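> Provided herewith is a single structure, encoded as structure tokens, for subsequent inquiry.
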Amino acid sequence: LIMSPAMWKWTCLVSHLLLSTTVSPLGRQQPLHPKRPFITFTADQAEGNFNHLVVDERTGHIYLGAVNRIYKLSSDLKVLVTHQTGPDEDNPKCYPPRIVQTCNEPLTPTNNINKMLLIDYKENRLIACGSLYQGICKLLRLDDLFKLGEPFHKKEHYLSGVNESGSVFGVIVSYSNMDDKLFIATAVDGKPEYFPTISSRKLTKNSEADGMFAYVFHDEFVASMIKIPSDTFTIIPDFDIYYIYGFSSGNFVYFLTLQPEMISPPGSTTKEQVYTSKLVRLCKEDTAFNSYVEVPIGCEKNGVEYRLLQAAYLSKAGAILARSLGVGPEDDILFTVFSKGQKRKMKSLDESALCIFVLKEINDRIKDRLQSCYRGEGTLDLAWLKVKDIPCSSALLTIDDNFCGLDMNAPLGVSSMVRGLPIFTEDGDRMTSVIAYVYKNHSLAFVGTKSGKLKK
């Protein structure tokens with residue numbers, strides 16, 4: 001999605017960001033003096049924390065996912081419709097939820113935190129997933145937020161028991177002649193037996209259809225999902241995969257993640273836990289998830305490592321940036337924000353960097369790794385999923401740019417990190433969000449900071 005400047009403006013307003021500085025080519029900060037104050041929207045409810053926001057690119061209407069509410073706003077931030085999603089009687093230990101079967105745990109009034117908000121343009125509906133009942137979703141009509149469906153009677157309908165608003169990320173893959181797919185990636189909060197960490201689901205035309213959110217493929221041995229093995233938790237008890245961003249490009253779906261791993265520091269005989277940022281790639285048409293590949297990503301400037309991913313956004317290169325990178329103006333570019341180091345996921349350091357990756361270069365690295373593995377070189381390099389090193393198997397076949405894997409040498413990890421190009425660093429006010437688009441051949445990036453500033 002490339003947002004227009006007008007859509008950008010409303011996105012920033014609802015996020016309550018203060019436009020305060022701009023950065024000159026020499027890096028000096030210059031104050032800006034807006035000619036008119038920003039329009040703002042504030043919820044009436046005391047628990048009205050805002051969790052997610054999407055803008056309808058056709059109408060400019062804004063959909064806001066909050067605690068216990070979904071709001072539809074006009075482009076000038078007037079409330080058009082409100083849909084209540086909670087609170088309700090619940091207990092996070094009830095699985096399946098008490099709406100399916102009686103639960104012996106005590107039920108208490110529980111808030112519904114919006115965990116995912118997606119516009120399904122093809123069917124003119126909003127997918128709003130919350131924290132109640134182990135993470136079920138509502139399908140709401142875009143026009144008036146009328147509830148079209150709320151699947152809850154199958155185990156596939158419970159997406160995640162995590163209550164944090166940033167714990168689920170979804171990507172819709174649309175087709176002209178068949179039902180769409182929804183790729184769902186989620187933290188599992190120590191419950192891998194209940195929830196896959198990543199899966200592809202059916203998005204049926206009928207919002208009340210029995211197959212809504214069912215796995216695209218599922219039999220006794222193979223399914224359209226990846227589950228974290230329980231053995232992994234014996235090695236890293238608090239292991240989870242945190243999904244920061246997701247998108248589709250070409251024949252693939254991508255997720256950018258942050259996950260813990262154990263490493264041996266140089267000169268040390270003991271292992272310590274750090275966090276590694278990784279890009280995950282899957283083929284859109286891969287029902288068995290044999291195409292699953294992970295690539296470590298990070299950034300370095302003047303000897304300082306920036307490895308903790310905070311935010312990302314996909315944009316096009318634009319003519320001017322494309323020339324300097326040696327790519328085409330329509331090539332996909334990932335704008336990413338990393339904070340310094342690898343150790344502090346929950347309390348990231350304020351030093352941060354804005355870095356860019358050329359998606360084609362990451363895909364080329366993945367292709368090289370696939371080719372070497374299918375020559376029988378190395379191991380699968382995916383410790384959390386395989387727990388032990390499994391050697392690559394040799395096979396005579398041609399691996400091109402769109403290779404989608406076989407039921408061998410999969411899932412696969414890339415061991416060497418792909419480094420981004422650092423274009424801006426901030427030492428005192430950590431960058432926490434980013435968005436970018438092309439304007440008159442220039443690539444523009446907007447960055448939000450920890451203190452609520454917006455940098456252009």
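Every chain in the structure tokens takes a letter, A first, then B, and so on in the order presented; its residues are numbered from 1, and the ligands are numbered from 1 following the presented order.
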Name the residues of region 166-393 of chain A that fall into strand (DSSP E or B) according to DSSP on the backbone, using the chain letters and numbers of this document, as a PyMOL selection string.

chain A and resi 168-173+180-186+198-203+215+218+223+225-226+242-249+252-263+272-283+293-301+304-316+332-341+352-358+375+379+391

> One decimal, in Å: what's the spacing between CA of Leu354 (chain A) and CA of Ile423 (chain A)?

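That distance, rounded to one decimal, is 5.9 Å.
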
> Quick one: of A:Arg430, A:Lys367, A:Lys345, A:Lys455, who's nearest to Asp400 (chain A), counting only C-alpha atoms?

A:Lys367

> For Lys191 (chain A), which residue out of A:Glu105, A:Asp332, A:Asp238, A:Glu208 is the nearest one, using only C-alpha atoms?

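Closest to Lys191 (chain A), using only C-alpha atoms: A:Asp238.
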
> Nearest to Leu73 (chain A) among A:Leu139, A:Met431, A:Leu145, A:Val414, with distances taken over only C-alpha atoms: which residue is it?

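Between A:Leu139, A:Met431, A:Leu145, A:Val414, the residue approaching Leu73 (chain A) most closely is A:Leu145.
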